[in-house]
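Student: Input: one structure, supplied below.
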Amino acid sequence: MDLEDGWQVQQEVSRRLALTIGGWKAALPGPGKLVVAPIYAPGISQQAAVLTRPGVDSVKVEPEIAYVVARDLPARAQAYSEQEVDAAVGSVHAALEICASRYLSLADLPFPELLADGLVNDGLWLGPALAATEAPAFELSWQIEGEPVQQAQARHPNGQPRAPLYWLANFLRERGLGLLAGQTVITGSYAGVLELPLQRRVRFDYGGLARFELSFAAARQP
C-alpha cells in the first residue's frame with residue numbers, strides 16, 4: 001500500500017459510513033507522509049461533557065487550534081491564494097483532537113496504513129473562540145481536578161498555524177472535494193498527546209488566548 005492507496009481507502013470508508021464530514025485534520029506533507037483525514041460531524045462536540053469510546057478508562061487528546069470555515073472553497077482549476085483562504089475563515093477556536101485508532105497497536109505500522117485509518121482521529125472538541133490572533137507558540141497549562149497545574153511550552157509543528165490550512169484548501173480543490181462552509185479544520189498538535197482521566201474536570205489555558213474546562217466519560221456499550 002502506498003500513500004495514494006491509503007487516501008483512497010480512507011475515502012471509501014467515508015463513503016461506506018455515509019457520515020457527514022464536519023471537518024478535516026491536516027499538516028504539511030513530508031517525505032513519505034500525507035497528513036489529511038476527515039473528521040465526521042457526529043464526532044465534533046462543543047459540550048462541556050464529552051463522550052469517548054465505550055470500555056476505556058482514559059482519553060488521549062492533542063491541543064490544537066481550529067478554523068471554522070464560513071464560506072465554501074469549492075473545487076476549481078485555479079489555486080486558492082492565502083488571502084482567499086483567510087477570507088473564508090469565519091472564526092478561530094481552541095480545540096482538542098480526540099485520538100484513537102481501530103488498530104490494537106500502532107507499532108511498526110507503515111504510514112499508508114495509518115492514513116487509511118484516518119490518522120488516529122476519533123473526534124474533536126471545539127472550544128471557545130480565541131481572544132486574539134492565533135500564535136505559533138504559547139504557554140499551555142492544564143489542571144486535572146484534584147491535581148497540581150501542569151505546564152508546557154506549546155508550539156505549532158509547522159511554525160505557521162495556517163500553513164496546513166492553505167495546503168488543505170488546494171489539496172481538496174485538486175481532488176474535486178473543496179472545503180465547505182461549516183467545516184472545521186485542525187492543523188497540528190501544539191503539545192503532543194495528553195492522556196486525561198475520565199469523570200474529572202480538566203481546566204485548560206491556552207496562554208490567555210482561550211480558557212475552558214471540560215470532562216470526558218465513556219459511552220455506553222451499544
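Identifiers for the C-alpha cells are assigned positionally: chains receive A, B, ... in sequence, residues are indexed from 1 per chain, and ligands are indexed from 1 in the order shown.
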Excluding A:Thr187 and residues on its chain fewer than 5 positions from it, collect all residues at most 6 Å away from it, counting only C-alpha atoms, and give them as number ranges by chain.

Tutor: A: 25-27, 164

Student: DSSP on the backbone, then: every residue of stretch 47-185 of chain A marked alpha helix (DSSP H), written as number ranges by chain.

Tutor: A: 82-88, 111-116, 163-174

Student: Name the residues in contact with A:Leu214 at a cut-off of 9 Å, using only C-alpha atoms, excluding same-chain residues fewer than 5 positions from it; report them as an MDAnalysis selection string.

Tutor: chainID A and resid 47:50 200:204

Student: Kindly export the residues of the current selection with all heavy atoms, as a PDB file, in the first residue's frame.

Tutor:
ATOM      1  N   GLN A  47     -19.907  20.408  23.783  1.00  0.00           N
ATOM      2  CA  GLN A  47     -20.473  20.238  25.113  1.00  0.00           C
ATOM      3  C   GLN A  47     -19.363  20.161  26.163  1.00  0.00           C
ATOM      4  O   GLN A  47     -18.248  19.711  25.879  1.00  0.00           O
ATOM      5  CB  GLN A  47     -21.316  18.963  25.165  1.00  0.00           C
ATOM      6  CG  GLN A  47     -22.442  18.915  24.143  1.00  0.00           C
ATOM      7  CD  GLN A  47     -23.420  20.062  24.316  1.00  0.00           C
ATOM      8  OE1 GLN A  47     -23.858  20.358  25.428  1.00  0.00           O
ATOM      9  NE2 GLN A  47     -23.765  20.720  23.209  1.00  0.00           N
ATOM     10  N   ALA A  48     -19.687  20.568  27.384  1.00  0.00           N
ATOM     11  CA  ALA A  48     -18.698  20.537  28.462  1.00  0.00           C
ATOM     12  C   ALA A  48     -18.388  19.113  28.903  1.00  0.00           C
ATOM     13  O   ALA A  48     -17.335  18.854  29.473  1.00  0.00           O
ATOM     14  CB  ALA A  48     -19.186  21.359  29.650  1.00  0.00           C
ATOM     15  N   ALA A  49     -19.305  18.172  28.660  1.00  0.00           N
ATOM     16  CA  ALA A  49     -19.079  16.766  28.965  1.00  0.00           C
ATOM     17  C   ALA A  49     -19.035  16.000  27.647  1.00  0.00           C
ATOM     18  O   ALA A  49     -19.980  16.038  26.866  1.00  0.00           O
ATOM     19  CB  ALA A  49     -20.184  16.219  29.860  1.00  0.00           C
ATOM     20  N   VAL A  50     -17.931  15.321  27.378  1.00  0.00           N
ATOM     21  CA  VAL A  50     -17.696  14.704  26.078  1.00  0.00           C
ATOM     22  C   VAL A  50     -17.635  13.188  26.229  1.00  0.00           C
ATOM     23  O   VAL A  50     -16.935  12.665  27.103  1.00  0.00           O
ATOM     24  CB  VAL A  50     -16.362  15.215  25.470  1.00  0.00           C
ATOM     25  CG1 VAL A  50     -16.181  14.678  24.059  1.00  0.00           C
ATOM     26  CG2 VAL A  50     -16.321  16.729  25.479  1.00  0.00           C
ATOM     27  N   ARG A 200     -13.453  13.445  35.474  1.00  0.00           N
ATOM     28  CA  ARG A 200     -12.829  14.508  36.279  1.00  0.00           C
ATOM     29  C   ARG A 200     -12.701  15.759  35.418  1.00  0.00           C
ATOM     30  O   ARG A 200     -12.318  15.677  34.245  1.00  0.00           O
ATOM     31  CB  ARG A 200     -11.461  14.071  36.805  1.00  0.00           C
ATOM     32  CG  ARG A 200     -11.568  12.968  37.848  1.00  0.00           C
ATOM     33  CD  ARG A 200     -10.246  12.265  38.052  1.00  0.00           C
ATOM     34  NE  ARG A 200      -9.304  13.090  38.763  1.00  0.00           N
ATOM     35  CZ  ARG A 200      -8.037  12.739  39.001  1.00  0.00           C
ATOM     36  NH1 ARG A 200      -7.592  11.561  38.571  1.00  0.00           N
ATOM     37  NH2 ARG A 200      -7.217  13.531  39.651  1.00  0.00           N
ATOM     38  N   ARG A 201     -13.005  16.908  36.001  1.00  0.00           N
ATOM     39  CA  ARG A 201     -12.920  18.156  35.270  1.00  0.00           C
ATOM     40  C   ARG A 201     -11.462  18.482  34.960  1.00  0.00           C
ATOM     41  O   ARG A 201     -10.560  18.240  35.776  1.00  0.00           O
ATOM     42  CB  ARG A 201     -13.522  19.302  36.080  1.00  0.00           C
ATOM     43  CG  ARG A 201     -14.964  19.079  36.526  1.00  0.00           C
ATOM     44  CD  ARG A 201     -15.919  19.088  35.373  1.00  0.00           C
ATOM     45  NE  ARG A 201     -16.022  20.377  34.711  1.00  0.00           N
ATOM     46  CZ  ARG A 201     -16.775  20.621  33.650  1.00  0.00           C
ATOM     47  NH1 ARG A 201     -17.495  19.641  33.116  1.00  0.00           N
ATOM     48  NH2 ARG A 201     -16.830  21.814  33.114  1.00  0.00           N
ATOM     49  N   VAL A 202     -11.239  19.014  33.773  1.00  0.00           N
ATOM     50  CA  VAL A 202      -9.898  19.446  33.370  1.00  0.00           C
ATOM     51  C   VAL A 202     -10.003  20.890  32.881  1.00  0.00           C
ATOM     52  O   VAL A 202     -10.839  21.201  32.023  1.00  0.00           O
ATOM     53  CB  VAL A 202      -9.313  18.556  32.259  1.00  0.00           C
ATOM     54  CG1 VAL A 202      -7.866  18.963  31.977  1.00  0.00           C
ATOM     55  CG2 VAL A 202      -9.383  17.088  32.651  1.00  0.00           C
ATOM     56  N   ARG A 203      -9.176  21.758  33.437  1.00  0.00           N
ATOM     57  CA  ARG A 203      -9.135  23.159  33.032  1.00  0.00           C
ATOM     58  C   ARG A 203      -7.930  23.392  32.125  1.00  0.00           C
ATOM     59  O   ARG A 203      -6.826  22.932  32.423  1.00  0.00           O
ATOM     60  CB  ARG A 203      -9.038  24.079  34.247  1.00  0.00           C
ATOM     61  CG  ARG A 203     -10.270  24.089  35.133  1.00  0.00           C
ATOM     62  CD  ARG A 203     -10.184  25.238  36.133  1.00  0.00           C
ATOM     63  NE  ARG A 203     -11.369  25.305  36.957  1.00  0.00           N
ATOM     64  CZ  ARG A 203     -11.432  24.889  38.208  1.00  0.00           C
ATOM     65  NH1 ARG A 203     -10.356  24.368  38.772  1.00  0.00           N
ATOM     66  NH2 ARG A 203     -12.552  24.994  38.909  1.00  0.00           N
ATOM     67  N   PHE A 204      -8.157  24.126  31.039  1.00  0.00           N
ATOM     68  CA  PHE A 204      -7.090  24.463  30.098  1.00  0.00           C
ATOM     69  C   PHE A 204      -6.957  25.971  29.979  1.00  0.00           C
ATOM     70  O   PHE A 204      -7.949  26.711  30.035  1.00  0.00           O
ATOM     71  CB  PHE A 204      -7.390  23.891  28.706  1.00  0.00           C
ATOM     72  CG  PHE A 204      -7.057  22.440  28.545  1.00  0.00           C
ATOM     73  CD1 PHE A 204      -7.993  21.459  28.861  1.00  0.00           C
ATOM     74  CD2 PHE A 204      -5.809  22.037  28.075  1.00  0.00           C
ATOM     75  CE1 PHE A 204      -7.701  20.113  28.701  1.00  0.00           C
ATOM     76  CE2 PHE A 204      -5.503  20.696  27.914  1.00  0.00           C
ATOM     77  CZ  PHE A 204      -6.448  19.731  28.231  1.00  0.00           C
TER      78      PHE A 204
END

Student: Of the candidates A:Leu130, A:Trp167, A:Ala94, A:Leu140, which one gets nearest to A:Gln46 if we count only C-alpha atoms?

Tutor: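 The closest residue to A:Gln46 is A:Ala94.
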
Student: Which residue out of A:Tyr190, A:Phe138, A:Phe111, A:Phe216 has the minimum interatomic distance to A:Met1 when only C-alpha atoms are used?

Tutor: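 That would be A:Phe111, the residue with the smallest distance to A:Met1.
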
Student: Would you please work out which residue, of A:Ser45, A:Gln83, A:Ser215, A:Gln78, is nearest to A:Leu165 when using only C-alpha atoms?

Tutor: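 Selected residue with least distance to A:Leu165: A:Gln83.
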
Student: Just the residues within 8 Å of stretch 95-99 of chain A, please, counting only C-alpha atoms, with nothing from its chain fewer than 4 positions along; format it as a list in words.

Tutor: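 Surrounding residues, per the criterion: Val59, Lys60, Val61, Glu62, Pro63, Glu64, Ile65, Ala66, Val120, Asn121, Asp122, Gly123, Leu124, Trp125, Leu126, Gly127 and Pro128 of chain A.
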
Student: Write to file, as a CSV table (one decimal), in the first residue's frame, the residues of the selection just made, with C-alpha atoms.

Tutor:
chain,number,residue,atom,x,y,z
A,59,VAL,CA,-8.8,9.6,26.8
A,60,LYS,CA,-5.9,10.8,24.6
A,61,VAL,CA,-6.1,14.4,23.3
A,62,GLU,CA,-4.0,16.8,21.4
A,63,PRO,CA,-4.2,20.6,22.0
A,64,GLU,CA,-5.0,22.3,18.7
A,65,ILE,CA,-6.2,25.5,17.1
A,66,ALA,CA,-9.3,25.0,14.9
A,120,VAL,CA,-5.9,8.2,14.8
A,121,ASN,CA,-8.6,10.8,14.7
A,122,ASP,CA,-11.6,9.9,16.8
A,123,GLY,CA,-13.3,13.2,17.1
A,124,LEU,CA,-12.9,16.8,18.0
A,125,TRP,CA,-13.8,19.0,20.9
A,126,LEU,CA,-14.4,22.6,19.7
A,127,GLY,CA,-13.7,25.1,22.4
A,128,PRO,CA,-14.2,28.9,22.7

Student: Here is a test: counting only C-alpha atoms, which residue of A:Val185, A:Ala218, A:Ala132, A:Ala116 is nearest to A:Val89?

Tutor: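 Comparing A:Val185, A:Ala218, A:Ala132, A:Ala116 against A:Val89, the winner is A:Val185.
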
Student: Looking at A:Leu209, A:Ile144, A:Ala107, A:Leu180, which one is nearest to A:Asp72, with distances taken over only C-alpha atoms?

Tutor: A:Leu180

Student: Using only C-alpha atoms, find the one residue out of A:Arg76, A:Gly55, A:Ile44, A:Pro31 that sits nearest to A:Asn170.

Tutor: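 Nearest to A:Asn170: A:Arg76.
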
Student: Excluding A:Gly182 and residues on its chain fewer than 5 positions from it, collect all residues at most 9 Å away from it, counting only C-alpha atoms, and give them as an MDAnalysis selection string.

Tutor: chainID A and resid 22:23 68:72 90

Student: So the first atom is atom CA of A:Ala75 and the second is atom CA of A:Gln183; what is the distance between them in Å, to one decimal place?

Tutor: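 Computing it gives 15.1 Å between the two atoms.
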
Student: What is the atom CA of A:Leu115 to atom CA of A:Ala87 distance in Å?

Tutor: 29.3 Å

Student: Residues near A:Asp5, anyone? I mean within 10 Å using only C-alpha atoms, not counting same-chain ones fewer than 3 positions away, as a tab-separated table (two decimals) with N, CA and C atoms, in the first residue's frame.

Tutor:
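Output file part-v4.tsv follows:
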chain	number	residue	atom	x	y	z
A	1	MET	N	0.84	-1.19	0.00
A	1	MET	CA	0.00	0.00	0.00
A	1	MET	C	0.87	1.24	0.00
A	2	ASP	N	0.56	2.21	-0.90
A	2	ASP	CA	1.27	3.48	-0.88
A	2	ASP	C	0.34	4.58	-0.39
A	8	GLN	N	-7.23	6.59	-0.77
A	8	GLN	CA	-8.42	6.02	-1.40
A	8	GLN	C	-9.20	5.13	-0.42
A	9	VAL	N	-8.49	4.36	0.41
A	9	VAL	CA	-9.17	3.55	1.42
A	9	VAL	C	-9.91	4.46	2.40
A	10	GLN	N	-9.25	5.51	2.82
A	10	GLN	CA	-9.87	6.47	3.74
A	10	GLN	C	-11.16	7.05	3.14
A	11	GLN	N	-11.11	7.42	1.86
A	11	GLN	CA	-12.30	7.98	1.21
A	11	GLN	C	-13.40	6.95	1.05
A	112	PRO	N	1.12	4.61	5.25
A	112	PRO	CA	-0.12	4.50	4.48
A	112	PRO	C	-1.24	3.77	5.23
A	113	GLU	N	-0.90	2.82	6.10
A	113	GLU	CA	-1.91	2.14	6.90
A	113	GLU	C	-2.56	3.12	7.89
A	115	LEU	N	-2.74	6.34	7.47
A	115	LEU	CA	-3.55	7.24	6.65
A	115	LEU	C	-4.90	6.62	6.33
A	116	ALA	N	-4.90	5.35	5.96
A	116	ALA	CA	-6.15	4.66	5.65
A	116	ALA	C	-7.08	4.64	6.85

Student: I want to know what sits within 8 Å of A:Leu119, based on only C-alpha atoms, with residues of the same chain fewer than 5 positions away left out; could you give that as a list in words?

Tutor: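 Surrounding residues, per the criterion: Val35, Val36, Ala37, Ser101 and Leu114 of chain A.
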
Student: Write the selection just made, keeping N, CA, C and O atoms, as a PDB file, in the first residue's frame?

Tutor:
ATOM      1  N   VAL A  35      -0.614  13.998   5.325  1.00  0.00           N
ATOM      2  CA  VAL A  35      -1.337  14.168   6.591  1.00  0.00           C
ATOM      3  C   VAL A  35      -2.656  14.881   6.319  1.00  0.00           C
ATOM      4  O   VAL A  35      -2.730  16.112   6.296  1.00  0.00           O
ATOM      5  N   VAL A  36      -3.692  14.098   6.096  1.00  0.00           N
ATOM      6  CA  VAL A  36      -5.031  14.637   5.855  1.00  0.00           C
ATOM      7  C   VAL A  36      -6.042  13.538   6.180  1.00  0.00           C
ATOM      8  O   VAL A  36      -5.851  12.386   5.807  1.00  0.00           O
ATOM      9  N   ALA A  37      -7.083  13.906   6.922  1.00  0.00           N
ATOM     10  CA  ALA A  37      -8.101  12.922   7.285  1.00  0.00           C
ATOM     11  C   ALA A  37      -9.397  13.637   7.641  1.00  0.00           C
ATOM     12  O   ALA A  37      -9.377  14.733   8.194  1.00  0.00           O
ATOM     13  N   SER A 101      -7.462   4.725  17.601  1.00  0.00           N
ATOM     14  CA  SER A 101      -7.276   4.006  16.348  1.00  0.00           C
ATOM     15  C   SER A 101      -8.098   2.726  16.337  1.00  0.00           C
ATOM     16  O   SER A 101      -8.438   2.181  17.389  1.00  0.00           O
ATOM     17  N   LEU A 114      -1.728   3.976   8.494  1.00  0.00           N
ATOM     18  CA  LEU A 114      -2.253   4.985   9.415  1.00  0.00           C
ATOM     19  C   LEU A 114      -3.149   5.972   8.677  1.00  0.00           C
ATOM     20  O   LEU A 114      -4.192   6.391   9.186  1.00  0.00           O
TER      21      LEU A 114
END

Student: Could you state the separation of atom CA of A:Gly188 and atom CA of A:Pro161 in Å, given to one decimal place?

Tutor: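 Result for atom CA of A:Gly188 versus atom CA of A:Pro161: 7.7 Å, one decimal.
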